[in-house]
Each structure stands twice: as C-alpha cells, then as structure tokens.
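Comments concern the structure below.
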Amino acid sequence: APEELGQLQTQVEATMAKLGLGAADHPFSPHMTLARLKMKPERGATERFITEHKEFHTTFFKVSNFILYSSVLAQNGAIYHAEGVYALHTN
C-alpha cells in the first residue's frame, strides 16, 4: 500500500541521515525495476536473468497505470526517459 511505502521511505531517509549520508536529490516515487542489463549484454544474459529470477513473487497490489522508463547510467547517476504511459483498465 502507498502509505507503507511512504513509511518505509521515511525510515530509510532517517537511517541515512544517522549514518551521515545525504538525502535523495529527487522526490520519492515508488517504482519497481524489472531488470537492468548492460546496453549490449553478453550472449544469453537475458535468458540467464529470467531463469535466475523466475521464482520471484510479491504480494498483491493494485496498479491503475504504469510508465515505462529507459535509463542511461551517467557519471552523476541515471538519466531517465519516459518512453510511454500505459493505463490499465479493470472491470
């Protein structure tokens, strides 16, 4: 649920502050990273990733839409680009 994610984020930020680490330089936005592979992965890397993570599962949560992002890692962090917004219709 969104409130639990917000509480977790608050706890993470507080712990980071206690450790002397800076806060994130952008607002909190709950998300899931489905995969992160090199731009030109070695042969079979995608298949190995899928095989290694095929047992992943999570608890149920409602999703009304999602945004597909691409990212490029740069010296100062990742640069994100919204590729598309997709509404999910439930009946």
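Residue numbering restarts at 1 for every chain of the structure tokens, chains are lettered A, B, ... in their displayed order, and ligands are numbered from 1 as they appear.
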Surrounding residues of Thr10 (chain A) excluding itself and chain neighbours under 4 positions, 12 Å, only C-alpha atoms, as a count of residues only: 12
Backbone-only DSSP, helix (DSSP H, G or I) members of chain A, as a PyMOL selection string: chain A and resi 2-18+45-52
DSSP strand (DSSP E) residues within chain A, as a PyMOL selection string: chain A and resi 65-74+77-87
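Across the structure, CA of Gly77 (chain A) and CA of Pro30 (chain A) are spaced 17.8 Å apart.
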Taking 4 positions as the minimum chain separation for residues in the same chain, which residues sit within 12 Å of region 55-58 of chain A when counting only C-alpha atoms? Answer as a CSV table (one decimal) with C-alpha atoms, in the first residue's frame.
```
chain,number,residue,atom,x,y,z
A,32,MET,CA,9.9,-1.4,-9.5
A,34,LEU,CA,12.2,-5.1,-13.6
A,49,PHE,CA,18.5,-13.4,-15.9
A,50,ILE,CA,15.0,-14.7,-16.5
A,51,THR,CA,16.0,-18.2,-15.4
```
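Comparing A:Arg43, A:His89, A:Lys18, A:His26 by their smallest distance to Ser64 (chain A), the closest is A:His89 (using only C-alpha atoms).
Using only C-alpha atoms, the protein and nucleic acid residues lying no more than 8 Å from Leu68 (chain A), apart from those fewer than 3 places from it along its own chain, are Ala82, Glu83, Gly84, Val85 and Tyr86 of chain A.
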May I have the residues from that selection written out with C-alpha atoms, as a PDB file, in the first residue's frame?
```
ATOM      1  CA  ALA A  82       9.625   8.180 -20.030  1.00  0.00           C
ATOM      2  CA  GLU A  83       9.029   6.016 -23.085  1.00  0.00           C
ATOM      3  CA  GLY A  84       5.282   5.740 -22.609  1.00  0.00           C
ATOM      4  CA  VAL A  85       2.381   5.814 -20.132  1.00  0.00           C
ATOM      5  CA  TYR A  86       0.021   2.852 -20.182  1.00  0.00           C
TER       6      TYR A  86
END
```
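With CA of Ser71 (chain A) on one side and CA of Lys40 (chain A) on the other, the separation reads 13.9 Å.
Note that the spacing between CA of Tyr69 (chain A) and CA of His31 (chain A) amounts to 10.5 Å.
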Nearest candidate to Leu73 (chain A) (options A:Arg36, A:Gly44, A:Lys54, A:Leu88; using only C-alpha atoms): A:Arg36
Counting only C-alpha atoms, the residue of A:Glu47, A:Val63, A:Pro41, A:Gln9 that sits nearest Ser29 (chain A): A:Gln9
